[in-house]
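> My structure is below; once you've seen it, I'll send some questions.
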Amino acid sequence: MLSPILQTKIESQISNNKIMLYIKGTAQQPQCGFSAAVVQVFNTLGQPYETENILEDGELRQGLKEFSSWPTFPQVYIDGEFVGGCDIVMELNNRGELATIVQEAISK
């Protein structure tokens with residue numbers, strides 16, 4: 001069960017950052033290939049984003065799985081909406097849709 005404190009923390013991070021990436025490691029030093037791939041895609045888009053290292057907080061890692069109903073990481077949120085994980089981000093990027101989604105979110 002997601003604690004109210006943790007739910008508030010997650011909601012706050014998502015609402016206070018246009019692009020929020022929950023990854024293994026940091027943007028400078030991703031700790032898995034999927035997180036590295038997502039960070040690389042967002043770096044190429046050239047817009048600011050925030051990351052949270054889920055390896056440093058087991059409660060957050062478990063809570064996010066419940067919050068998003070998504071069992072794996074990375075988890076990507078854009079403009080308050082859950083987008084998905086690495087596969088979905090890569091697919092959107094390959095189709096040219098991710099840049100548009102990000103641009104729309106940033107311009108709001």
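Residue numbers start at 1 in each chain; chains themselves are named A, B, ... in the order of the structure tokens; ligands are numbered from 1 in the order shown.
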Can you pull out the residues contacting Met90 (chain A)? Cut-off 9 Å, using only C-alpha atoms, and skip same-chain residues under 5 positions away; I want them as a VMD selection string.

chain A and resid 37 to 38 41 85 95 98

> Could those selected residues go to a file with all heavy atoms, as a PDB file, in the first residue's frame?


```pdb
ATOM      1  N   ALA A  37      19.855   4.445 -21.944  1.00  0.00           N
ATOM      2  CA  ALA A  37      19.227   4.710 -23.241  1.00  0.00           C
ATOM      3  C   ALA A  37      18.213   5.845 -23.132  1.00  0.00           C
ATOM      4  O   ALA A  37      18.172   6.741 -23.985  1.00  0.00           O
ATOM      5  CB  ALA A  37      18.557   3.441 -23.761  1.00  0.00           C
ATOM      6  N   VAL A  38      17.404   5.841 -22.067  1.00  0.00           N
ATOM      7  CA  VAL A  38      16.391   6.883 -21.877  1.00  0.00           C
ATOM      8  C   VAL A  38      17.063   8.234 -21.640  1.00  0.00           C
ATOM      9  O   VAL A  38      16.667   9.248 -22.223  1.00  0.00           O
ATOM     10  CB  VAL A  38      15.425   6.503 -20.725  1.00  0.00           C
ATOM     11  CG1 VAL A  38      14.595   7.686 -20.275  1.00  0.00           C
ATOM     12  CG2 VAL A  38      14.518   5.359 -21.157  1.00  0.00           C
ATOM     13  N   VAL A  41      18.382   9.619 -24.929  1.00  0.00           N
ATOM     14  CA  VAL A  41      17.313  10.170 -25.769  1.00  0.00           C
ATOM     15  C   VAL A  41      16.924  11.565 -25.282  1.00  0.00           C
ATOM     16  O   VAL A  41      16.824  12.499 -26.083  1.00  0.00           O
ATOM     17  CB  VAL A  41      16.077   9.232 -25.777  1.00  0.00           C
ATOM     18  CG1 VAL A  41      14.849   9.956 -26.316  1.00  0.00           C
ATOM     19  CG2 VAL A  41      16.357   7.987 -26.590  1.00  0.00           C
ATOM     20  N   GLY A  85       8.062   3.115 -20.124  1.00  0.00           N
ATOM     21  CA  GLY A  85       9.456   2.787 -19.868  1.00  0.00           C
ATOM     22  C   GLY A  85      10.311   2.950 -21.107  1.00  0.00           C
ATOM     23  O   GLY A  85       9.936   3.634 -22.062  1.00  0.00           O
ATOM     24  N   ARG A  95       9.671   7.208 -33.937  1.00  0.00           N
ATOM     25  CA  ARG A  95       8.584   7.697 -34.801  1.00  0.00           C
ATOM     26  C   ARG A  95       8.553   9.229 -34.859  1.00  0.00           C
ATOM     27  O   ARG A  95       7.705   9.798 -35.541  1.00  0.00           O
ATOM     28  CB  ARG A  95       7.233   7.182 -34.285  1.00  0.00           C
ATOM     29  CG  ARG A  95       7.067   5.687 -34.447  1.00  0.00           C
ATOM     30  CD  ARG A  95       5.627   5.226 -34.306  1.00  0.00           C
ATOM     31  NE  ARG A  95       4.920   5.790 -33.177  1.00  0.00           N
ATOM     32  CZ  ARG A  95       4.286   5.083 -32.236  1.00  0.00           C
ATOM     33  NH1 ARG A  95       4.304   3.768 -32.278  1.00  0.00           N
ATOM     34  NH2 ARG A  95       3.642   5.675 -31.264  1.00  0.00           N
ATOM     35  N   LEU A  98       8.170  11.713 -29.760  1.00  0.00           N
ATOM     36  CA  LEU A  98       8.630  12.128 -28.440  1.00  0.00           C
ATOM     37  C   LEU A  98       9.004  13.603 -28.419  1.00  0.00           C
ATOM     38  O   LEU A  98       8.630  14.336 -27.502  1.00  0.00           O
ATOM     39  CB  LEU A  98       9.807  11.262 -27.981  1.00  0.00           C
ATOM     40  CG  LEU A  98      10.264  11.501 -26.538  1.00  0.00           C
ATOM     41  CD1 LEU A  98       9.161  11.147 -25.547  1.00  0.00           C
ATOM     42  CD2 LEU A  98      11.506  10.678 -26.235  1.00  0.00           C
TER      43      LEU A  98
END
```

> Extract, using only C-alpha atoms, all DNA, RNA and protein residues at most 6 Å from Pro74 (chain A), discarding same-chain residues fewer than 2 positions from it, and format them as a PyMOL selection string.

chain A and resi 22-23+35+85

> Pull the strand (DSSP E or B) assignments for chain A out of DSSP run on the backbone, and list those residues as a PyMOL selection string.

chain A and resi 19-23+25+30+50-53+75-78+81-84

> Tell me which protein, DNA and RNA residues are within 7 Å of Gly80 (chain A), counting only C-alpha atoms, leaving out same-chain ones fewer than 6 positions away, and put them as a ChimeraX atom specification.

/A:14-15,18

> For the residues selected in the previous step, produce a file with C-alpha atoms as a PDB file, in the first residue's frame.


```pdb
ATOM      1  CA  ILE A  14       5.836  14.782 -11.249  1.00  0.00           C
ATOM      2  CA  SER A  15       3.890  18.045 -11.071  1.00  0.00           C
ATOM      3  CA  LYS A  18       7.785  18.936 -16.912  1.00  0.00           C
TER       4      LYS A  18
END
```

> In terms of the shortest atom-to-atom distance over only C-alpha atoms, which of A:Cys32, A:Leu45, A:Ala27, A:Leu21 is closest to Val83 (chain A)?

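Closest to Val83 (chain A) of all the choices is A:Leu21.
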
> For Glu56 (chain A), which of A:Val102, A:Ser107, A:Thr26, A:Met20 is the closest residue, counting only C-alpha atoms?

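Using only C-alpha atoms, the shortest distance to Glu56 (chain A) belongs to A:Thr26.
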
> Would you mind telling me which residue in A:Ile19, A:Leu60, A:Ile78, A:Ile88 lies nearest to Gln7 (chain A) when using only C-alpha atoms?

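Among the listed residues, the smallest separation from Gln7 (chain A) belongs to A:Leu60.
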
> Pick out the closest residue to Cys86 (chain A) from this set: A:Gln40, A:Ser12, A:Gln103, A:Asn17. Count only C-alpha atoms.

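Using only C-alpha atoms, Cys86 (chain A) sits closest to A:Gln40.
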
> Would you mind telling me which residue in A:Lys9, A:Pro48, A:Gly58, A:Asn43 lies nearest to Ala105 (chain A) when using only C-alpha atoms?

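With only C-alpha atoms as the atom set, the closest residue is A:Pro48.
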
> With only C-alpha atoms as the basis for distance, which of A:Glu91, A:Glu52, A:Glu81, A:Glu97 is at the shortest distance from Phe67 (chain A)?

A:Glu81

> Name the residues in contact with Ser69 (chain A) at a cut-off of 12 Å, using only C-alpha atoms, excluding same-chain residues fewer than 2 positions from it; report them as an NGL selection string.

:A and (2 or 62-67 or 71-73 or 75 or 82-85)

> Just how far from CA of Thr8 (chain A) is CA of Gln29 (chain A), in Å to one decimal?

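Computing the Euclidean distance for CA of Gln29 (chain A) and CA of Thr8 (chain A) yields 27.1 Å.
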
> List every residue of region 7-67 of chain A that DSSP, applied to the backbone of this structure, assigns to helix (DSSP H, G or I), and report them as a PyMOL selection string.

chain A and resi 7-16+33-45+54-56+58-67

> Rounded to one decimal place, report the CA of Ile10 (chain A)-CA of Pro30 (chain A) distance in Å.

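We find that CA of Ile10 (chain A) and CA of Pro30 (chain A) lie 20.4 Å from each other.
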